[in-house]
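Q: Please find work09.cif (mmCIF, C-alpha atoms) on the next line:
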data_start
#
loop_
_atom_site.label_atom_id
_atom_site.label_comp_id
_atom_site.auth_asym_id
_atom_site.auth_seq_id
_atom_site.Cartn_x
_atom_site.Cartn_y
_atom_site.Cartn_z
CA MET A 19 2.97 -213.96 -146.45
CA LYS A 20 0.20 -213.81 -149.06
CA LYS A 21 -1.21 -210.68 -147.41
CA ILE A 22 2.21 -208.99 -147.57
CA LEU A 23 2.60 -209.85 -151.26
CA LEU A 24 -0.89 -208.55 -152.01
CA PHE A 25 -0.12 -205.28 -150.23
CA LEU A 26 3.12 -204.86 -152.19
CA LEU A 27 1.26 -205.45 -155.45
CA LEU A 28 -1.42 -202.92 -154.57
CA PHE A 29 0.91 -200.35 -152.98
CA PRO A 30 1.66 -198.42 -156.22
CA SER A 31 -2.05 -197.87 -156.81
CA PHE A 32 -2.50 -196.65 -153.24
CA LEU A 33 0.45 -194.32 -153.71
CA PHE A 34 -0.96 -192.93 -156.96
CA ALA A 35 -4.33 -192.31 -155.34
CA ALA A 36 -2.68 -190.42 -152.49
CA GLU A 37 -0.73 -188.26 -154.96
CA LYS A 38 -3.74 -187.41 -157.12
CA GLU A 39 -4.52 -184.16 -155.39
CA TYR A 40 -6.02 -182.35 -158.34
CA TYR A 41 -9.25 -181.99 -160.27
CA HIS A 42 -9.37 -182.60 -164.02
CA THR A 43 -12.15 -182.18 -166.53
CA LYS A 44 -12.62 -181.40 -170.21
CA ILE A 45 -14.52 -178.28 -171.29
CA ASN A 46 -14.93 -177.16 -174.89
CA GLY A 47 -12.08 -179.41 -175.98
CA ALA A 48 -9.74 -178.05 -173.30
CA ASP A 49 -8.13 -179.97 -170.46
CA VAL A 50 -8.80 -178.10 -167.23
CA TYR A 51 -6.82 -178.81 -164.08
CA ILE A 52 -7.36 -177.30 -160.63
CA THR A 53 -5.13 -177.97 -157.66
CA SER A 54 -4.12 -176.48 -154.34
CA LEU A 55 -0.52 -175.37 -154.12
CA LYS A 56 -0.79 -174.86 -150.38
CA SER A 57 -3.26 -175.66 -147.60
CA PHE A 58 -2.92 -174.02 -144.22
CA PRO A 59 -4.88 -172.64 -141.24
CA ARG A 60 -5.54 -168.89 -141.35
CA ASP A 61 -6.11 -166.74 -138.28
CA ASN A 62 -9.59 -165.26 -137.87
CA SER A 63 -8.02 -161.92 -136.95
CA ILE A 64 -7.89 -160.95 -140.65
CA LEU A 65 -11.70 -161.08 -140.77
CA ILE A 66 -13.96 -158.13 -140.02
CA MET A 67 -17.14 -159.68 -138.57
CA ASP A 68 -20.36 -158.59 -136.93
CA ASN A 69 -21.39 -160.24 -133.66
CA GLY A 70 -23.33 -163.03 -135.38
CA ALA A 71 -20.34 -163.99 -137.53
CA ILE A 72 -18.04 -163.82 -134.51
CA GLN A 73 -20.19 -166.24 -132.52
CA TYR A 74 -20.56 -168.56 -135.50
CA SER A 75 -16.81 -168.47 -136.08
CA LYS A 76 -16.17 -169.42 -132.45
CA LYS A 77 -18.59 -172.31 -132.81
CA ILE A 78 -17.14 -173.87 -135.97
CA PHE A 79 -13.51 -172.77 -135.49
CA PRO A 80 -12.96 -172.75 -131.72
CA ASN A 81 -9.19 -172.50 -132.14
CA GLY A 82 -9.57 -169.18 -133.96
CA LYS A 83 -8.27 -170.49 -137.27
CA TYR A 84 -10.01 -171.54 -140.46
CA ALA A 85 -8.83 -173.76 -143.30
CA THR A 86 -7.80 -172.20 -146.60
CA ASN A 87 -6.14 -173.20 -149.85
CA THR A 88 -4.07 -171.51 -152.52
CA ASN A 89 -5.76 -172.86 -155.64
CA ILE A 90 -4.70 -172.30 -159.24
CA MET A 91 -6.12 -173.42 -162.58
CA ILE A 92 -4.36 -174.73 -165.68
CA ILE A 93 -6.09 -174.86 -169.07
CA LYS A 94 -4.63 -176.71 -172.05
CA LYS A 95 -6.12 -176.41 -175.51
CA GLY A 96 -4.16 -176.88 -178.71
CA LYS A 97 -1.08 -174.67 -178.67
CA ASN A 98 -2.37 -172.61 -175.75
CA ASN A 99 -1.23 -173.47 -172.22
CA ILE A 100 -2.97 -171.07 -169.87
CA LEU A 101 -2.30 -170.56 -166.17
CA ILE A 102 -4.76 -168.78 -163.88
CA ASP A 103 -2.74 -167.18 -161.04
CA THR A 104 0.64 -168.44 -159.83
CA GLY A 105 0.54 -168.65 -156.02
CA TYR A 106 3.22 -167.57 -153.56
CA PRO A 107 7.02 -167.59 -154.04
CA ASP A 108 7.19 -170.52 -151.64
CA THR A 109 4.74 -172.57 -153.71
CA ILE A 110 6.81 -172.55 -156.91
CA ASN A 111 7.85 -176.17 -156.37
CA SER A 112 4.21 -177.15 -155.90
CA LEU A 113 3.32 -175.22 -159.05
CA GLN A 114 6.03 -177.05 -160.96
CA LYS A 115 4.53 -180.38 -159.83
CA ALA A 116 1.04 -179.23 -160.81
CA LEU A 117 2.25 -178.31 -164.28
CA LYS A 118 3.99 -181.67 -164.60
CA ILE A 119 0.67 -183.42 -163.95
CA ALA A 120 -0.68 -181.51 -166.95
CA GLY A 121 2.38 -182.51 -168.99
CA LEU A 122 3.87 -179.02 -168.86
CA LYS A 123 6.89 -177.14 -167.59
CA PHE A 124 7.33 -173.44 -166.86
CA SER A 125 8.57 -172.61 -170.35
CA ASP A 126 5.48 -174.23 -171.90
CA ILE A 127 3.09 -171.66 -170.42
CA THR A 128 1.90 -169.36 -173.19
CA HIS A 129 -0.56 -167.21 -171.24
CA ILE A 130 -1.02 -166.22 -167.61
CA ILE A 131 -4.35 -164.67 -166.62
CA PHE A 132 -4.39 -162.91 -163.27
CA THR A 133 -7.59 -162.61 -161.29
CA HIS A 134 -5.92 -159.73 -159.43
CA LEU A 135 -2.47 -158.58 -158.39
CA HIS A 136 -2.15 -159.52 -154.73
CA PHE A 137 1.10 -161.20 -153.70
CA ASP A 138 -0.37 -164.68 -153.23
CA HIS A 139 -1.54 -164.68 -156.86
CA ILE A 140 1.53 -163.25 -158.59
CA GLY A 141 4.24 -164.54 -156.26
CA GLY A 142 5.36 -167.29 -158.63
CA MET A 143 6.48 -164.93 -161.39
CA ILE A 144 10.12 -164.82 -160.33
CA ASN A 145 12.22 -167.91 -159.59
CA ASN A 146 15.90 -167.66 -158.60
CA ASN A 147 15.89 -164.00 -159.70
CA LYS A 148 14.74 -164.91 -163.21
CA PRO A 149 11.33 -164.88 -164.92
CA THR A 150 9.61 -168.17 -164.16
CA PHE A 151 7.60 -168.13 -167.39
CA PRO A 152 9.88 -166.82 -170.15
CA ASN A 153 7.39 -167.42 -172.97
CA ALA A 154 4.17 -166.21 -171.38
CA LYS A 155 1.90 -163.32 -172.25
CA ILE A 156 0.46 -161.72 -169.13
CA TYR A 157 -3.21 -160.71 -168.89
CA ILE A 158 -4.39 -158.21 -166.27
CA ASN A 159 -7.73 -156.49 -165.88
CA LYS A 160 -7.34 -152.89 -167.06
CA VAL A 161 -8.87 -151.41 -163.90
CA GLU A 162 -6.53 -153.56 -161.82
CA TYR A 163 -3.47 -152.53 -163.83
CA ASP A 164 -4.32 -148.84 -163.64
CA TYR A 165 -4.73 -149.07 -159.87
CA PHE A 166 -1.56 -151.01 -159.07
CA PHE A 167 0.70 -149.38 -161.63
CA LYS A 168 -0.63 -145.81 -161.74
CA LYS A 169 -2.59 -144.99 -158.57
CA ALA A 170 -1.61 -147.13 -155.59
CA ASN A 171 1.44 -146.23 -153.56
CA ASP A 172 1.84 -149.05 -151.08
CA LYS A 173 3.68 -152.31 -150.51
CA SER A 174 1.27 -154.37 -152.63
CA ALA A 175 1.77 -152.06 -155.61
CA ASP A 176 5.54 -152.02 -155.19
CA THR A 177 5.58 -155.82 -155.05
CA ALA A 178 3.41 -156.13 -158.16
CA LYS A 179 5.65 -153.75 -160.11
CA LYS A 180 8.76 -155.68 -159.06
CA LEU A 181 7.40 -159.15 -159.84
CA LEU A 182 5.98 -158.11 -163.21
CA ALA A 183 8.86 -155.89 -164.33
CA PRO A 184 10.55 -158.66 -166.39
CA TYR A 185 7.28 -159.16 -168.28
CA LYS A 186 6.51 -155.49 -168.99
CA ASN A 187 6.70 -155.93 -172.78
CA ASN A 188 4.30 -158.88 -172.69
CA ILE A 189 1.50 -157.43 -170.56
CA LYS A 190 -1.94 -157.24 -172.14
CA LEU A 191 -5.01 -155.69 -170.54
CA TYR A 192 -8.47 -157.22 -170.54
CA THR A 193 -11.95 -156.06 -169.63
CA GLU A 194 -15.05 -158.09 -168.86
CA GLY A 195 -15.83 -160.76 -171.45
CA VAL A 196 -13.49 -162.49 -173.89
CA ILE A 197 -9.88 -162.15 -172.76
CA ASP A 198 -8.19 -163.26 -175.98
CA ASN A 199 -9.66 -164.22 -179.32
CA ASP A 200 -7.39 -167.29 -179.41
CA PHE A 201 -9.50 -168.83 -176.63
CA LYS A 202 -12.94 -167.25 -176.71
CA GLU A 203 -14.39 -169.89 -174.37
CA ILE A 204 -12.45 -168.29 -171.48
CA THR A 205 -14.01 -165.07 -170.21
CA ALA A 206 -13.55 -162.61 -167.38
CA VAL A 207 -16.40 -161.71 -165.04
CA ASN A 208 -16.11 -158.49 -163.03
CA ALA A 209 -16.24 -158.96 -159.26
CA PHE A 210 -14.65 -155.73 -158.09
CA GLY A 211 -14.06 -154.82 -154.46
CA HIS A 212 -11.41 -157.09 -153.02
CA THR A 213 -9.19 -155.17 -155.40
CA PRO A 214 -10.38 -152.51 -157.87
CA GLY A 215 -10.17 -154.87 -160.86
CA HIS A 216 -10.73 -158.22 -159.15
CA SER A 217 -12.06 -160.67 -161.76
CA MET A 218 -13.46 -164.17 -161.88
CA ILE A 219 -12.57 -166.53 -164.73
CA ASN A 220 -15.21 -168.57 -166.55
CA ILE A 221 -14.80 -171.44 -169.01
CA LYS A 222 -17.82 -173.25 -170.38
CA ASP A 223 -19.47 -175.17 -173.18
CA LYS A 224 -23.01 -176.50 -173.62
CA TYR A 225 -22.31 -179.29 -171.11
CA THR A 226 -20.18 -177.70 -168.37
CA ASP A 227 -19.91 -174.26 -166.82
CA LEU A 228 -16.92 -173.71 -164.51
CA LEU A 229 -16.32 -170.47 -162.61
CA PHE A 230 -13.08 -169.71 -160.80
CA ILE A 231 -14.29 -167.10 -158.30
CA ALA A 232 -10.81 -166.03 -157.14
CA ASP A 233 -11.02 -164.13 -153.81
CA ILE A 234 -14.79 -163.74 -153.53
CA PHE A 235 -14.32 -165.88 -150.39
CA HIS A 236 -11.43 -166.04 -147.95
CA ALA A 237 -13.14 -167.78 -145.02
CA TYR A 238 -15.57 -169.86 -147.06
CA GLU A 239 -17.65 -171.42 -144.28
CA ILE A 240 -18.07 -168.13 -142.45
CA GLN A 241 -18.69 -165.91 -145.46
CA MET A 242 -21.20 -168.31 -147.02
CA LYS A 243 -23.38 -167.88 -143.92
CA TYR A 244 -22.37 -164.28 -143.18
CA PRO A 245 -21.50 -162.77 -146.59
CA LYS A 246 -21.06 -159.29 -145.13
CA THR A 247 -17.89 -160.52 -143.41
CA THR A 248 -14.88 -158.84 -145.02
CA VAL A 249 -11.11 -159.21 -144.77
CA ILE A 250 -8.55 -156.57 -143.93
CA TYR A 251 -7.10 -156.94 -147.43
CA ASP A 252 -10.30 -155.84 -149.19
CA VAL A 253 -9.53 -152.51 -150.89
CA ASP A 254 -13.22 -151.54 -151.10
CA LYS A 255 -15.02 -153.54 -148.43
CA ASP A 256 -18.54 -152.39 -149.33
CA MET A 257 -18.04 -153.29 -152.97
CA ALA A 258 -16.47 -156.63 -152.02
CA VAL A 259 -19.62 -157.49 -150.04
CA LYS A 260 -21.87 -156.46 -152.93
CA SER A 261 -19.85 -158.60 -155.36
CA ARG A 262 -19.99 -161.62 -153.04
CA ILE A 263 -23.75 -161.36 -152.52
CA LYS A 264 -24.30 -160.86 -156.25
CA VAL A 265 -22.25 -163.97 -157.10
CA MET A 266 -24.01 -166.06 -154.47
CA SER A 267 -27.42 -164.93 -155.70
CA LYS A 268 -26.65 -165.44 -159.38
CA TYR A 269 -25.20 -168.95 -159.12
CA LYS A 270 -27.21 -170.47 -156.28
CA GLY A 271 -29.47 -173.21 -157.64
CA THR A 272 -27.55 -173.50 -160.91
CA ASN A 273 -25.33 -176.23 -162.32
CA THR A 274 -22.32 -173.91 -162.51
CA LEU A 275 -19.24 -175.48 -160.96
CA ILE A 276 -17.69 -173.15 -158.39
CA VAL A 277 -14.19 -173.05 -156.95
CA GLY A 278 -12.14 -170.18 -155.58
CA ALA A 279 -8.53 -169.34 -155.00
CA HIS A 280 -9.01 -169.77 -151.24
CA THR A 281 -11.90 -172.19 -150.92
CA PRO A 282 -10.89 -175.08 -148.62
CA PHE A 283 -11.44 -177.44 -151.58
CA TYR A 284 -10.07 -177.58 -155.12
CA LYS A 285 -12.74 -179.84 -156.57
CA PRO A 286 -15.54 -177.51 -157.74
CA VAL A 287 -18.98 -177.62 -156.11
CA THR A 288 -22.44 -176.47 -157.14
CA TRP A 289 -24.58 -174.21 -154.94
CA LYS A 290 -27.83 -176.14 -154.94
#
Is it possible to give me this structure as structure tokens?

A:
Amino acid sequence: MKKILLFLLLFPSFLFAAEKEYYHTKINGADVYITSLKSFPRDNSILIMDNGAIQYSKKIFPNGKYATNTNIMIIKKGKNNILIDTGYPDTINSLQKALKIAGLKFSDITHIIFTHLHFDHIGGMINNNKPTFPNAKIYINKVEYDYFFKKANDKSADTAKKLLAPYKNNIKLYTEGVIDNDFKEITAVNAFGHTPGHSMINIKDKYTDLLFIADIFHAYEIQMKYPKTTVIYDVDKDMAVKSRIKVMSKYKGTNTLIVGAHTPFYKPVTWK
């Protein structure tokens, strides 16, 4: 009986621990949250691999599938509530829960910074046929915007135009470096290739350096060992490889905290 009572007393703490599926830190006075909206196995058929990568893939993923996440980042500082990417349409409920953890709701988001305009990053912009974030300014890399809104003529571009149409008067374009003078500690880092304007997002102070590498990796374990592995969704595969190798070289052996949109973890790691 005593054991049962002890379990009942401790159960809420166990429950809370199980629900705490997010990473939180403070950087430059900002609260930074990272969480996965969705975890699922992805088929290796989307990867374009040489023979070495194929054999390695078979060894570590014998079922032909690898683990992936849909990670997003939330940054709160003062009056600014910033969301980095929004996930899929079917992860809106998960996004709502993630925002609640940060003490926010959809209408509280003041800024949305997109790493790029693929469906799994902008899919949360419409909810029940209405704008999900009625008070948000939208930030898109200028090269990315020009490609999707002026040059591309495919399903991805059509989807981007449709999902962002309700926000057309609130779209702002950024280039590499400071995205908005209201939060100078958040900067964009060019990592073109996966899409023409694909960007990483960096937030740092003198103590912590955190880099959200977006879609530099899709199959993390495979591409870390075989970085020349690409995915069918890479718009410029050669440039995507160059960007990945450059990022790996620049940050290996540093204290920079690394996490991506599709890394199979949401708690950042260092590449020692």

Q: Identify which of the residues A:Ala209, A:Val277, A:Leu117, A:Ala183 lies closest to Asn99 of chain A, counting only C-alpha atoms when measuring atom-to-atom distances.

A: A:Leu117

Q: What's the separation between atom CA of Thr193 of chain A and atom CA of Ser54 of chain A, in Å to one decimal place?

A: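 These two atoms are separated by 26.7 Å.
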
Q: Since I can't run it myself right now, could you work out what the PyMOL selection byres ((chain A and resi 85) around 10) selects here and report it as a ChimeraX atom specification?

A: /A:57-61,79,83-84,86-87,236-239,280-283

Q: List, as JSON, numbers by chain, every residue that the PyMOL selection byres ((chain A and resi 68) around 10) selects in the file provided.

A: {"A": [65, 66, 67, 69, 70, 71, 72, 73, 244, 246, 247, 248]}

Q: Could you expand the PyMOL selection byres ((chain A and resi 290) around 7) into the explicit residues it covers here, written as a ChimeraX atom specification?

A: /A:270-272,288-289

Q: From the options A:Met242, A:Ile140, A:Asp223, A:Glu162, which residue's atoms come nearest to Ser267 of chain A, counting all atoms listed in the file?

A: A:Met242

Q: List as an NGL selection string the protein and nucleic acid residues near segment 148-157 of chain A, meaning an atom at most 8 Å away when only C-alpha atoms are counted, but skip any in the same chain fewer than 3 places from it.

A: :A and (124-132 or 142-145 or 184-185 or 188-192 or 197)

Q: Could you write out the selected residues, including C-alpha atoms, as a compact mmCIF listing (two decimals), in the frame of the given file?

A:
# COMPACT_ATOMS: atom_id res chain seq x y z
CA PHE A 124 7.33 -173.44 -166.86
CA SER A 125 8.57 -172.61 -170.35
CA ASP A 126 5.48 -174.23 -171.90
CA ILE A 127 3.09 -171.66 -170.42
CA THR A 128 1.90 -169.36 -173.19
CA HIS A 129 -0.56 -167.21 -171.24
CA ILE A 130 -1.02 -166.22 -167.61
CA ILE A 131 -4.35 -164.67 -166.62
CA PHE A 132 -4.39 -162.91 -163.27
CA GLY A 142 5.36 -167.29 -158.63
CA MET A 143 6.48 -164.93 -161.39
CA ILE A 144 10.12 -164.82 -160.33
CA ASN A 145 12.22 -167.91 -159.59
CA PRO A 184 10.55 -158.66 -166.39
CA TYR A 185 7.28 -159.16 -168.28
CA ASN A 188 4.30 -158.88 -172.69
CA ILE A 189 1.50 -157.43 -170.56
CA LYS A 190 -1.94 -157.24 -172.14
CA LEU A 191 -5.01 -155.69 -170.54
CA TYR A 192 -8.47 -157.22 -170.54
CA ILE A 197 -9.88 -162.15 -172.76

Q: Quick one: distance from atom CA of Lys202 of chain A to atom CA of Ile219 of chain A in Å, one decimal?

A: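 We find that atom CA of Lys202 of chain A and atom CA of Ile219 of chain A lie 12.0 Å from each other.
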
Q: For Leu182 of chain A, which residue out of A:Asp233, A:Asp108, A:Gly141, A:Ile92 is the nearest one, using all atoms listed in the file?

A: A:Gly141

Q: As an exercise, work out the distance from atom CA of Tyr74 of chain A to atom CA of Asn62 of chain A in Å and give it to one decimal place.

A: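 Interatomic distance here is 11.7 Å.
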
Q: Per residue of segment 116-170 of chain A within 12 Å of segment 250-263 of chain A, record the nearest atom pair and its distance in Å to one decimal, counting all atoms listed in the file, with rows in chain order and ascending residue number, as a Markdown table.

A:
| residue | atom | partner | partner_atom | distance |
| --- | --- | --- | --- | --- |
| A:His134 | CA | A:Val253 | CA | 11.8 |
| A:Leu135 | CA | A:Val253 | CA | 12.0 |
| A:His136 | CA | A:Tyr251 | CA | 9.2 |
| A:Phe137 | CA | A:Tyr251 | CA | 11.2 |
| A:Asp138 | CA | A:Tyr251 | CA | 11.8 |
| A:Glu162 | CA | A:Val253 | CA | 11.4 |
| A:Tyr165 | CA | A:Val253 | CA | 10.7 |
| A:Phe166 | CA | A:Val253 | CA | 11.5 |
| A:Ala170 | CA | A:Val253 | CA | 10.7 |
